[in-house]
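Coordinates as given in run.csv (CSV, C-alpha atoms and all ligand atoms):
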chain,number,residue,atom,x,y,z
G,1,MET,CA,-45.9,-55.8,-154.8
G,2,SER,CA,-46.4,-59.5,-154.7
G,3,ASN,CA,-47.2,-61.3,-158.0
G,4,LEU,CA,-49.2,-64.0,-156.1
G,5,PHE,CA,-53.0,-64.1,-156.0
G,6,PRO,CA,-53.9,-63.1,-152.4
G,7,THR,CA,-55.5,-66.4,-151.6
G,8,TYR,CA,-53.6,-66.8,-148.3
G,9,ALA,CA,-53.3,-64.4,-145.4
G,10,ARG,CA,-49.6,-65.0,-145.0
G,11,TRP,CA,-47.6,-64.7,-141.8
G,12,ASP,CA,-44.6,-62.5,-141.6
G,13,VAL,CA,-42.2,-65.5,-141.6
G,14,THR,CA,-40.0,-66.3,-144.6
G,15,PRO,CA,-38.4,-69.8,-144.0
G,16,VAL,CA,-34.9,-70.3,-145.3
G,17,SER,CA,-34.2,-73.7,-143.6
G,18,ALA,CA,-35.9,-76.3,-141.5
G,19,LYS,CA,-34.9,-79.5,-139.7
G,20,GLY,CA,-36.9,-81.7,-137.4
G,21,ALA,CA,-39.3,-79.6,-135.4
G,22,TRP,CA,-37.3,-76.4,-136.0
G,23,LEU,CA,-37.6,-73.7,-138.7
G,24,THR,CA,-35.4,-70.7,-139.3
G,25,ASP,CA,-36.5,-67.6,-141.1
G,26,LYS,CA,-34.6,-65.1,-143.1
G,27,ASN,CA,-33.9,-62.9,-140.1
G,28,GLY,CA,-32.2,-65.8,-138.4
G,29,LYS,CA,-35.0,-66.3,-135.9
G,30,THR,CA,-35.8,-70.0,-135.1
G,31,TYR,CA,-39.2,-71.3,-134.3
G,32,LEU,CA,-40.5,-74.5,-132.8
G,33,ASP,CA,-42.8,-75.7,-135.6
G,34,PHE,CA,-46.0,-77.3,-134.2
G,35,THR,CA,-47.8,-76.8,-137.6
G,36,THR,CA,-45.8,-79.3,-139.7
G,37,GLY,CA,-47.1,-77.8,-142.9
G,38,ILE,CA,-50.6,-78.6,-141.6
G,39,SER,CA,-50.1,-82.2,-140.7
G,40,VAL,CA,-47.7,-82.9,-143.7
G,41,CYS,CA,-44.2,-83.1,-142.3
G,42,ASN,CA,-45.1,-85.8,-139.8
G,43,LEU,CA,-41.5,-86.9,-139.4
G,44,GLY,CA,-40.4,-83.3,-139.0
G,45,HIS,CA,-38.6,-81.2,-141.6
G,46,VAL,CA,-36.2,-83.0,-144.0
G,47,PRO,CA,-36.0,-86.4,-142.4
G,48,ASP,CA,-32.7,-87.9,-143.3
G,49,HIS,CA,-33.8,-91.4,-144.5
G,50,VAL,CA,-36.7,-89.9,-146.6
G,51,LYS,CA,-34.2,-87.4,-148.2
G,52,GLN,CA,-31.9,-90.3,-149.0
G,53,ALA,CA,-34.8,-92.3,-150.6
G,54,VAL,CA,-35.8,-89.2,-152.7
G,55,ASN,CA,-32.1,-88.6,-153.7
G,56,ASP,CA,-31.7,-92.2,-154.8
G,57,GLN,CA,-34.9,-92.1,-156.9
G,58,LEU,CA,-33.8,-88.7,-158.4
G,59,GLU,CA,-30.7,-90.6,-159.7
G,60,LYS,CA,-32.8,-93.4,-161.3
G,61,PHE,CA,-35.8,-91.8,-163.1
G,62,TRP,CA,-38.4,-89.0,-162.3
G,63,HIS,CA,-41.4,-89.7,-164.4
G,64,THR,CA,-42.7,-92.1,-167.0
G,65,SER,CA,-46.5,-92.3,-167.0
G,66,ASN,CA,-49.1,-94.6,-165.6
G,67,LEU,CA,-48.9,-96.7,-168.8
G,68,PHE,CA,-45.9,-98.4,-167.2
G,69,GLN,CA,-45.5,-100.9,-164.3
G,70,ILE,CA,-44.3,-98.7,-161.5
G,71,GLU,CA,-42.8,-100.9,-158.8
G,72,LEU,CA,-42.9,-98.2,-156.2
G,73,GLN,CA,-46.6,-97.8,-156.7
G,74,GLU,CA,-47.1,-101.5,-155.9
G,75,GLU,CA,-44.8,-101.2,-152.9
G,76,VAL,CA,-46.6,-98.2,-151.4
G,77,ALA,CA,-50.0,-99.6,-152.2
G,78,LYS,CA,-49.0,-102.7,-150.2
G,79,GLN,CA,-48.0,-100.6,-147.2
G,80,LEU,CA,-51.3,-98.7,-147.4
G,81,THR,CA,-53.5,-101.7,-147.8
G,82,ALA,CA,-51.7,-103.7,-145.1
G,83,ALA,CA,-52.0,-100.7,-142.7
G,84,SER,CA,-55.7,-100.0,-143.4
G,85,GLY,CA,-57.1,-103.5,-144.0
G,86,LEU,CA,-58.4,-102.4,-147.5
G,87,ASP,CA,-57.4,-103.9,-150.8
G,88,LEU,CA,-56.7,-101.4,-153.7
G,89,VAL,CA,-55.1,-98.0,-154.1
G,90,PHE,CA,-55.4,-95.2,-156.7
G,91,PHE,CA,-52.7,-92.5,-156.5
G,92,ALA,CA,-53.4,-88.8,-156.9
G,93,ASN,CA,-51.5,-85.6,-156.0
G,94,SER,CA,-53.4,-84.0,-153.1
G,95,GLY,CA,-56.2,-84.4,-150.6
G,96,ALA,CA,-58.8,-82.8,-152.8
G,97,GLU,CA,-57.9,-85.0,-155.7
G,98,ALA,CA,-58.1,-88.1,-153.5
G,99,ASN,CA,-61.6,-87.1,-152.4
G,100,GLU,CA,-62.6,-86.4,-156.0
G,101,ALA,CA,-61.5,-89.9,-156.8
G,102,ALA,CA,-63.5,-91.2,-153.8
G,103,ILE,CA,-66.6,-89.4,-154.9
G,104,LYS,CA,-66.4,-90.5,-158.5
G,105,LEU,CA,-65.7,-94.1,-157.4
G,106,ALA,CA,-68.7,-94.2,-155.0
G,107,ARG,CA,-71.0,-92.7,-157.7
G,108,LYS,CA,-69.9,-95.1,-160.4
G,109,ALA,CA,-69.9,-98.2,-158.1
G,110,THR,CA,-73.4,-97.6,-156.7
G,111,GLY,CA,-75.0,-96.0,-159.8
G,112,ARG,CA,-76.4,-93.4,-157.3
G,113,SER,CA,-75.5,-89.8,-157.1
G,114,LYS,CA,-76.2,-88.3,-153.7
G,115,ILE,CA,-73.4,-88.0,-151.1
G,116,ILE,CA,-74.2,-87.2,-147.5
G,117,THR,CA,-71.5,-85.1,-145.7
G,118,PHE,CA,-71.5,-83.2,-142.4
G,119,VAL,CA,-71.8,-79.6,-141.2
G,120,ASP,CA,-68.4,-78.1,-140.6
G,121,SER,CA,-66.6,-80.7,-142.6
G,122,PHE,CA,-63.8,-79.9,-145.0
G,123,HIS,CA,-63.0,-82.0,-148.1
G,124,GLY,CA,-61.1,-79.7,-150.4
G,125,ARG,CA,-61.2,-76.8,-152.9
G,126,THR,CA,-62.1,-78.4,-156.3
G,127,PHE,CA,-65.7,-78.1,-157.4
G,128,GLY,CA,-66.6,-81.6,-156.3
G,129,THR,CA,-64.8,-81.4,-152.9
G,130,MET,CA,-65.9,-77.8,-152.3
G,131,ALA,CA,-69.5,-78.9,-152.8
G,132,ALA,CA,-68.9,-81.8,-150.4
G,133,THR,CA,-67.6,-79.4,-147.8
G,134,GLY,CA,-70.2,-78.5,-145.1
G,135,GLN,CA,-69.0,-74.8,-144.6
G,136,GLU,CA,-70.7,-72.0,-146.4
G,137,LYS,CA,-67.7,-69.7,-146.2
G,138,ILE,CA,-65.7,-72.0,-148.5
G,139,LYS,CA,-68.3,-71.8,-151.3
G,140,THR,CA,-69.3,-68.1,-151.2
G,141,GLY,CA,-69.1,-66.4,-154.6
G,142,PHE,CA,-68.5,-69.5,-156.7
G,143,GLY,CA,-72.0,-69.9,-158.0
G,144,PRO,CA,-74.1,-73.1,-158.2
G,145,MET,CA,-72.5,-76.1,-156.5
G,146,LEU,CA,-72.1,-79.5,-158.0
G,147,GLU,CA,-75.1,-81.7,-157.1
G,148,LYS,CA,-75.9,-83.7,-155.0
G,149,PHE,CA,-74.6,-83.3,-151.6
G,150,GLU,CA,-76.7,-83.2,-148.4
G,151,TYR,CA,-75.2,-81.8,-145.2
G,152,VAL,CA,-76.2,-83.3,-141.9
G,153,PRO,CA,-75.3,-82.0,-138.4
G,154,PHE,CA,-72.4,-84.1,-137.1
G,155,ASN,CA,-73.3,-86.6,-134.5
G,156,ASP,CA,-77.1,-86.2,-135.2
G,157,LEU,CA,-78.4,-89.7,-135.8
G,158,GLU,CA,-82.0,-88.6,-136.5
G,159,ALA,CA,-80.9,-86.2,-139.2
G,160,LEU,CA,-78.7,-88.8,-140.7
G,161,LYS,CA,-81.5,-91.4,-140.8
G,162,GLU,CA,-83.7,-88.9,-142.5
G,163,ALA,CA,-81.1,-88.0,-145.2
G,164,LEU,CA,-80.2,-91.6,-146.0
G,165,ASP,CA,-82.3,-92.7,-149.0
G,166,THR,CA,-82.1,-95.0,-152.1
G,167,GLU,CA,-80.3,-92.2,-154.0
G,168,THR,CA,-77.4,-92.1,-151.5
G,169,ALA,CA,-74.2,-93.4,-153.0
G,170,ALA,CA,-72.1,-92.7,-149.9
G,171,VAL,CA,-71.8,-91.1,-146.5
G,172,MET,CA,-68.5,-89.2,-146.2
G,173,PHE,CA,-66.9,-87.9,-143.0
G,174,GLU,CA,-63.7,-87.0,-141.1
G,175,VAL,CA,-63.4,-89.0,-137.9
G,176,ILE,CA,-62.2,-85.7,-136.4
G,177,GLN,CA,-63.1,-82.6,-138.4
G,178,GLY,CA,-59.7,-80.9,-138.8
G,179,GLU,CA,-60.4,-77.5,-140.4
G,180,GLY,CA,-63.9,-77.3,-138.9
G,181,GLY,CA,-62.6,-77.1,-135.3
G,182,LEU,CA,-61.3,-80.5,-134.2
G,183,ASN,CA,-64.8,-81.8,-133.7
G,184,ALA,CA,-64.7,-85.5,-133.1
G,185,GLY,CA,-67.3,-87.9,-134.4
G,186,ASN,CA,-69.0,-89.7,-131.6
G,187,PRO,CA,-67.9,-93.4,-131.9
G,188,GLU,CA,-71.5,-94.7,-131.5
G,189,PHE,CA,-72.7,-92.2,-134.1
G,190,LEU,CA,-70.1,-93.3,-136.6
G,191,ARG,CA,-70.7,-97.0,-136.0
G,192,GLN,CA,-74.5,-96.6,-136.4
G,193,THR,CA,-74.0,-94.4,-139.5
G,194,GLU,CA,-71.9,-97.2,-141.0
G,195,GLU,CA,-74.4,-99.9,-140.2
G,196,TRP,CA,-77.3,-97.9,-141.6
G,197,ALA,CA,-75.4,-96.9,-144.7
G,198,HIS,CA,-74.3,-100.4,-145.5
G,199,LYS,CA,-77.9,-101.7,-144.9
G,200,ASN,CA,-79.0,-99.0,-147.4
G,201,GLY,CA,-76.5,-100.1,-150.1
G,202,SER,CA,-74.5,-96.9,-149.5
G,203,LEU,CA,-70.7,-96.7,-149.2
G,204,ILE,CA,-68.7,-95.2,-146.3
G,205,ILE,CA,-65.9,-92.8,-147.3
G,206,VAL,CA,-63.6,-91.8,-144.5
G,207,ASP,CA,-61.6,-88.6,-145.3
G,208,GLU,CA,-58.3,-89.3,-143.5
G,209,VAL,CA,-56.4,-86.5,-145.3
G,210,GLN,CA,-55.6,-84.8,-142.0
G,211,THR,CA,-56.2,-87.5,-139.4
G,212,GLY,CA,-54.3,-90.3,-141.2
G,213,ILE,CA,-50.7,-91.4,-141.5
G,214,GLY,CA,-50.2,-91.9,-137.7
G,215,ARG,CA,-51.4,-88.4,-136.7
G,216,THR,CA,-53.8,-89.8,-134.0
G,217,GLY,CA,-51.7,-92.7,-132.9
G,218,LYS,CA,-53.1,-95.3,-135.4
G,219,PRO,CA,-52.3,-95.5,-139.1
G,220,PHE,CA,-55.8,-94.1,-139.7
G,221,ALA,CA,-58.2,-92.6,-137.2
G,222,PHE,CA,-61.1,-94.8,-138.2
G,223,GLN,CA,-59.2,-97.7,-136.6
G,224,HIS,CA,-59.7,-96.3,-133.1
G,225,ILE,CA,-63.4,-97.0,-133.6
G,226,GLY,CA,-63.2,-100.2,-135.5
G,227,LEU,CA,-65.1,-99.0,-138.6
G,228,ASP,CA,-65.2,-100.9,-141.9
G,229,PRO,CA,-65.0,-98.1,-144.5
G,230,ASP,CA,-65.3,-98.9,-148.2
G,231,ILE,CA,-63.0,-96.0,-149.3
G,232,VAL,CA,-60.4,-94.1,-147.3
G,233,SER,CA,-58.7,-91.0,-148.7
G,234,SER,CA,-55.2,-90.0,-147.7
G,235,ALA,CA,-52.7,-87.2,-148.6
G,236,LYS,CA,-50.9,-84.6,-146.5
G,237,GLY,CA,-48.4,-86.7,-144.3
G,238,ILE,CA,-48.2,-89.6,-146.7
G,239,ALA,CA,-44.9,-88.4,-148.4
G,240,SER,CA,-43.4,-86.1,-145.8
G,241,GLY,CA,-44.0,-82.9,-147.9
G,242,LEU,CA,-43.9,-84.2,-151.5
G,243,PRO,CA,-47.2,-84.0,-153.3
G,244,LEU,CA,-49.1,-87.3,-153.1
G,245,GLY,CA,-52.7,-88.3,-152.4
G,246,ALA,CA,-54.4,-91.7,-152.5
G,247,ILE,CA,-57.6,-93.6,-152.0
G,248,ILE,CA,-57.6,-97.0,-150.5
G,249,GLY,CA,-60.7,-99.1,-151.3
G,250,LYS,CA,-62.4,-102.5,-151.1
G,251,LYS,CA,-61.6,-104.9,-154.0
G,252,GLU,CA,-65.4,-105.1,-154.8
G,253,LEU,CA,-65.1,-101.6,-156.2
G,254,ALA,CA,-62.4,-102.6,-158.8
G,255,GLU,CA,-64.8,-102.9,-161.7
G,256,ALA,CA,-66.0,-99.3,-161.3
G,257,PHE,CA,-62.4,-98.0,-161.8
G,258,SER,CA,-61.7,-100.1,-164.9
G,259,PRO,CA,-59.1,-98.8,-167.5
G,260,GLY,CA,-60.0,-95.4,-168.8
G,261,SER,CA,-62.4,-94.5,-166.0
G,262,HIS,CA,-60.1,-92.3,-164.0
G,263,GLY,CA,-56.5,-91.1,-164.1
G,264,SER,CA,-53.9,-88.5,-163.4
G,265,THR,CA,-50.7,-87.6,-165.3
G,266,PHE,CA,-48.7,-86.9,-162.1
G,267,GLY,CA,-50.6,-89.2,-159.7
G,268,GLY,CA,-48.2,-91.7,-158.1
G,269,ASN,CA,-45.1,-90.1,-159.4
G,270,PRO,CA,-41.9,-92.0,-158.5
G,271,ILE,CA,-40.2,-89.1,-156.5
G,272,SER,CA,-43.2,-88.7,-154.2
G,273,LEU,CA,-43.6,-92.5,-153.9
G,274,ALA,CA,-39.9,-92.9,-152.9
G,275,ALA,CA,-40.6,-90.4,-150.1
G,276,ALA,CA,-43.9,-92.1,-149.2
G,277,LYS,CA,-42.3,-95.6,-148.9
G,278,ALA,CA,-39.6,-94.3,-146.5
G,279,THR,CA,-42.1,-92.3,-144.5
G,280,LEU,CA,-44.6,-95.1,-144.1
G,281,GLU,CA,-41.9,-97.6,-143.2
G,282,THR,CA,-41.3,-95.5,-140.1
G,283,ILE,CA,-44.8,-94.3,-139.2
G,284,PHE,CA,-46.7,-97.6,-139.7
G,285,ASP,CA,-44.4,-99.3,-137.1
G,286,GLU,CA,-46.4,-100.2,-134.0
G,287,SER,CA,-43.9,-99.0,-131.4
G,288,PHE,CA,-43.6,-95.6,-133.3
G,289,LEU,CA,-47.4,-95.3,-133.1
G,290,THR,CA,-47.5,-96.2,-129.4
G,291,GLN,CA,-45.1,-93.3,-128.9
G,292,VAL,CA,-47.4,-90.9,-130.8
G,293,GLU,CA,-50.1,-91.7,-128.3
G,294,GLN,CA,-47.8,-91.3,-125.3
G,295,LYS,CA,-46.5,-88.0,-126.6
G,296,GLY,CA,-50.0,-86.8,-127.3
G,297,ASP,CA,-51.0,-87.7,-123.7
G,298,LYS,CA,-48.0,-85.9,-122.3
G,299,LEU,CA,-48.7,-82.7,-124.3
G,300,SER,CA,-52.4,-82.8,-123.5
G,301,SER,CA,-51.8,-83.3,-119.8
G,302,LEU,CA,-49.2,-80.6,-119.5
G,303,LEU,CA,-51.7,-78.2,-121.1
G,304,ALA,CA,-54.8,-79.4,-119.2
G,305,GLU,CA,-53.0,-79.0,-115.9
G,306,ALA,CA,-51.7,-75.5,-116.6
G,307,LEU,CA,-54.8,-74.1,-118.3
G,308,SER,CA,-57.5,-75.5,-116.1
G,309,SER,CA,-57.8,-72.3,-114.2
G,310,VAL,CA,-57.9,-70.0,-117.2
G,311,PRO,CA,-61.5,-68.9,-117.8
G,312,GLN,CA,-61.0,-68.3,-121.5
G,313,VAL,CA,-60.0,-72.0,-122.0
G,314,LYS,CA,-63.1,-74.1,-122.5
G,315,ARG,CA,-61.7,-77.6,-123.2
G,316,LEU,CA,-59.0,-79.7,-124.8
G,317,LYS,CA,-59.9,-81.8,-127.9
G,318,GLY,CA,-58.3,-84.1,-130.4
G,319,LYS,CA,-56.4,-87.4,-130.3
G,320,GLY,CA,-52.8,-88.4,-130.4
G,321,LEU,CA,-50.8,-85.5,-131.7
G,322,MET,CA,-53.8,-83.7,-133.2
G,323,ILE,CA,-54.6,-81.4,-130.3
G,324,GLY,CA,-57.1,-78.6,-130.0
G,325,ILE,CA,-57.6,-76.0,-127.3
G,326,GLU,CA,-61.1,-74.5,-127.5
G,327,LEU,CA,-61.3,-71.0,-126.2
G,328,THR,CA,-64.3,-68.8,-125.4
G,329,GLU,CA,-63.1,-66.3,-127.9
G,330,GLU,CA,-61.3,-66.1,-131.3
G,331,ALA,CA,-58.1,-68.1,-131.4
G,332,ALA,CA,-56.4,-66.2,-134.3
G,333,PRO,CA,-54.8,-63.4,-132.1
G,334,LEU,CA,-52.8,-66.0,-130.2
G,335,LEU,CA,-51.0,-67.2,-133.2
G,336,SER,CA,-49.0,-64.0,-133.8
G,337,ALA,CA,-48.3,-63.8,-130.0
G,338,ALA,CA,-47.0,-67.4,-130.0
G,339,ARG,CA,-44.8,-66.6,-133.1
G,340,GLN,CA,-43.2,-63.7,-131.3
G,341,LYS,CA,-42.1,-66.2,-128.7
G,342,GLY,CA,-40.8,-68.6,-131.3
G,343,LEU,CA,-43.7,-71.1,-131.5
G,344,LEU,CA,-45.7,-71.8,-134.6
G,345,ILE,CA,-49.3,-73.0,-134.1
G,346,LEU,CA,-52.6,-73.0,-136.1
G,347,THR,CA,-56.2,-72.4,-135.6
G,348,ALA,CA,-59.1,-74.7,-136.4
G,349,GLY,CA,-62.6,-73.2,-136.9
G,350,THR,CA,-62.8,-69.9,-135.1
G,351,ASN,CA,-62.2,-70.5,-131.5
G,352,THR,CA,-59.8,-73.4,-131.4
G,353,ILE,CA,-56.0,-73.4,-131.3
G,354,ARG,CA,-54.7,-76.4,-133.2
G,355,LEU,CA,-51.4,-78.2,-132.5
G,356,LEU,CA,-49.9,-80.6,-135.1
G,357,PRO,CA,-46.3,-81.3,-134.0
G,358,PRO,CA,-44.1,-83.7,-135.8
G,359,LEU,CA,-44.9,-87.3,-134.7
G,360,ASN,CA,-41.3,-87.8,-133.7
G,361,VAL,CA,-41.2,-84.7,-131.6
G,362,THR,CA,-39.0,-85.1,-128.5
G,363,GLU,CA,-40.1,-84.9,-124.9
G,364,LYS,CA,-38.0,-81.8,-124.5
G,365,GLU,CA,-39.6,-80.1,-127.5
G,366,ILE,CA,-43.0,-81.0,-126.1
G,367,GLU,CA,-42.1,-79.4,-122.8
G,368,GLN,CA,-40.6,-76.3,-124.5
G,369,ALA,CA,-43.7,-75.8,-126.7
G,370,ALA,CA,-46.1,-76.4,-123.8
G,371,ALA,CA,-44.3,-73.7,-121.7
G,372,LEU,CA,-44.4,-71.2,-124.6
G,373,LEU,CA,-48.0,-71.9,-125.3
G,374,ILE,CA,-49.1,-71.7,-121.7
G,375,GLU,CA,-47.3,-68.4,-121.3
G,376,THR,CA,-49.0,-67.1,-124.5
G,377,ILE,CA,-52.5,-68.1,-123.5
G,378,LYS,CA,-52.1,-66.8,-119.9
G,379,GLU,CA,-50.8,-63.5,-121.0
G,380,HIS,CA,-53.6,-63.1,-123.6
G,381,ALA,CA,-56.2,-64.2,-121.0
G,382,CYS,CA,-54.9,-61.5,-118.6
G,383,GLU,CA,-55.2,-58.9,-121.4
G,384,SER,CA,-58.7,-59.9,-122.3
G,385,THR,CA,-59.9,-60.0,-118.7
G,386,THR,CA,-58.5,-56.4,-118.2
G,387,LYS,CA,-60.0,-55.2,-121.5
G,388,ASN,CA,-63.4,-56.7,-120.9
G,389,GLY,CA,-63.5,-55.9,-117.2
B,1,LIG,C1,-59.9,-83.4,-144.1
B,1,LIG,C2,-59.3,-82.8,-145.3
B,1,LIG,N1,-59.7,-83.2,-146.5
B,1,LIG,C3,-59.2,-82.7,-147.7
B,1,LIG,C4,-58.3,-81.7,-147.6
B,1,LIG,C5,-57.8,-81.1,-148.9
B,1,LIG,O1,-56.4,-81.5,-149.1
B,1,LIG,P1,-55.5,-80.7,-150.1
B,1,LIG,O2,-55.3,-79.3,-149.6
B,1,LIG,O3,-54.3,-81.5,-150.2
B,1,LIG,O4,-56.2,-80.7,-151.4
B,1,LIG,C6,-57.8,-81.2,-146.4
B,1,LIG,C7,-56.9,-80.0,-146.3
B,1,LIG,O5,-56.8,-79.4,-145.3
B,1,LIG,C8,-58.4,-81.8,-145.2
B,1,LIG,O6,-58.0,-81.3,-144.0
Starting from the coordinates I provided, produce the structure as structure tokens.
Ligand SMILES: Cc1ncc(COP(=O)(O)O)c(C=O)c1O
Amino acid sequence: MSNLFPTYARWDVTPVSAKGAWLTDKNGKTYLDFTTGISVCNLGHVPDHVKQAVNDQLEKFWHTSNLFQIELQEEVAKQLTAASGLDLVFFANSGAEANEAAIKLARKATGRSKIITFVDSFHGRTFGTMAATGQEKIKTGFGPMLEKFEYVPFNDLEALKEALDTETAAVMFEVIQGEGGLNAGNPEFLRQTEEWAHKNGSLIIVDEVQTGIGRTGKPFAFQHIGLDPDIVSSAKGIASGLPLGAIIGKKELAEAFSPGSHGSTFGGNPISLAAAKATLETIFDESFLTQVEQKGDKLSSLLAEALSSVPQVKRLKGKGLMIGIELTEEAAPLLSAARQKGLLILTAGTNTIRLLPPLNVTEKEIEQAAALLIETIKEHACESTTKNG
């Protein structure tokens, strides 16, 4: 019997080692990993230069506290501000913690308490971020939610306009809803939302926990649309698998986060930061990011071409190396079929297969994964067609 709370429906795969895009389980079976720990291991498993940076820091010191000047925090904050165009960073340990910080900062800076978020969004599992999340299933059974969040249908300008009022501290969104099904914000919608929010004295919070750190081919996904957010949250891929979260915000917000207003014992710990510095040096390089776009295009076009005649495939979604295949039926059964063939993939929402390969995946690995996935989808499509007549 497992001594773990059954919060996860775990796969029958027990990893014993992993390198790059490949993972080996305890039975010696190898898998091509197109999940990257859910957009975390963006440079693949155990990238050598990140491992070296972590080892070097392990030899120096592990933890002091945030009462000290931590040089690595300054250095990583410089990388994040330079890449985002924002000014100041607060370090946390996870995506939910980063979003908590964003919500607290927006409320304190504006003196208002309502946050508008969107239907099918996902922002985390703490009380604040669970309340921010626009999915009922995440909240069921947990009693009254933290006030005040209002959920607006994504890409619905009229509904947004109606919700925006003088109590609104911020509008918070993912540029592409990751957990919700890879639903992209319409660029015009997001730009108009920002314009109206700013006119109304409300802040824009962009949750880049899943879309950030090069995943879509830019350091942050909001940069594809030319938005001017006040706060951006980041986590997942920021430190290649070591726990780290961050918010990056405008300098005008500094006063609201004065000494004593917010904090975290482990937030910005030196080991994670050593990993982050090495990770970001690679990912925030322009030619690396161009390759992410090219690789994303290659994978998408291989899939689009091979799957265009499969009636169960509705459309391809996503950007860069965050790719969704929307089906006319539930996507979950395809995951175990793909695993049997040696390919690890995810779902997003109910009907979408989600691919999150490492950003440095090779052309050959893209071709191998595409072949395995196409085979899996076609076989499944044949079975469903036979079953349903
Ligand atoms: C967009 C988004 N925000 C927040 C979170 C929560 O991050 P964490 O699990 O690190 O708390 C996630 C996790 O999937 C996410 O995708």
Just the residues within 10 Å of Trp11 of chain G, please, counting only C-alpha atoms, with nothing from its chain fewer than 6 positions along; format it as a compact mmCIF listing (two decimals) with C-alpha atoms, keeping the file's coordinate frame.
# COMPACT_ATOMS: atom_id res chain seq x y z
CA LEU G 335 -51.00 -67.20 -133.20
CA SER G 336 -49.00 -64.00 -133.80
CA ARG G 339 -44.80 -66.60 -133.10
Check every protein, DNA and RNA residue against ligand LIG 1 (chain B), keep those with an atom at most 6 Å away (counting only C-alpha atoms and all ligand atoms), and present them as a ChimeraX atom specification.
/G:94-96,122-124,178-179,207,209-210,236
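Non-sequential neighbours of Gln52 of chain G (distance at most 10 Å, separation of 4 or more positions within a chain, all atoms listed in the file) are Val46, Pro47, Asp48, Asp56, Gln57, Leu58, Ala274, Ala275 and Ala278 of chain G.
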Okay, now the selection with C-alpha atoms, as a short mmCIF file (atom, residue, chain, number, x, y, z; two decimals), in the coordinates of the input?
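Here's the written file selection.cif:
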data_model
loop_
_atom_site.label_atom_id
_atom_site.label_comp_id
_atom_site.auth_asym_id
_atom_site.auth_seq_id
_atom_site.Cartn_x
_atom_site.Cartn_y
_atom_site.Cartn_z
CA VAL G 46 -36.20 -83.00 -144.00
CA PRO G 47 -36.00 -86.40 -142.40
CA ASP G 48 -32.70 -87.90 -143.30
CA ASP G 56 -31.70 -92.20 -154.80
CA GLN G 57 -34.90 -92.10 -156.90
CA LEU G 58 -33.80 -88.70 -158.40
CA ALA G 274 -39.90 -92.90 -152.90
CA ALA G 275 -40.60 -90.40 -150.10
CA ALA G 278 -39.60 -94.30 -146.50
#
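Atom CA of Asn186 of chain G is found 23.1 Å from atom CA of Glu136 of chain G.
Using only C-alpha atoms for every distance, the candidate list G:Gln135, G:Val232, G:Leu146, G:Lys317 yields G:Lys317 as the residue closest to Ala304 of chain G.
Among the candidates G:Gly185, G:Pro144, G:Gly267, G:Pro15, the one nearest to Leu67 of chain G when counting all atoms listed in the file is G:Gly267.
Across G:Leu72, G:Leu160, G:Ile116, G:Leu273, the tightest approach to Leu203 of chain G is made by G:Ile116 when counting all atoms listed in the file.
A straight line drawn from atom CA of Pro333 of chain G to atom CA of Pro311 of chain G is 16.7 Å long.
Excluding Ile248 of chain G and any residue on its chain fewer than 5 positions from it, the residues at most 9 Å away by only C-alpha atoms are Ala77, Leu80, Thr81, Ser84, Leu86, Asp87, Leu88, Val89, Phe90, Phe91, Ala102, Asp230, Ile231, Val232, Ser233 and Ser234 of chain G.
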Using only C-alpha atoms for the distances, tell me which of G:Asp25, G:Asp120, G:Glu208, G:Asp228 is nearest to Lys137 of chain G.
G:Asp120
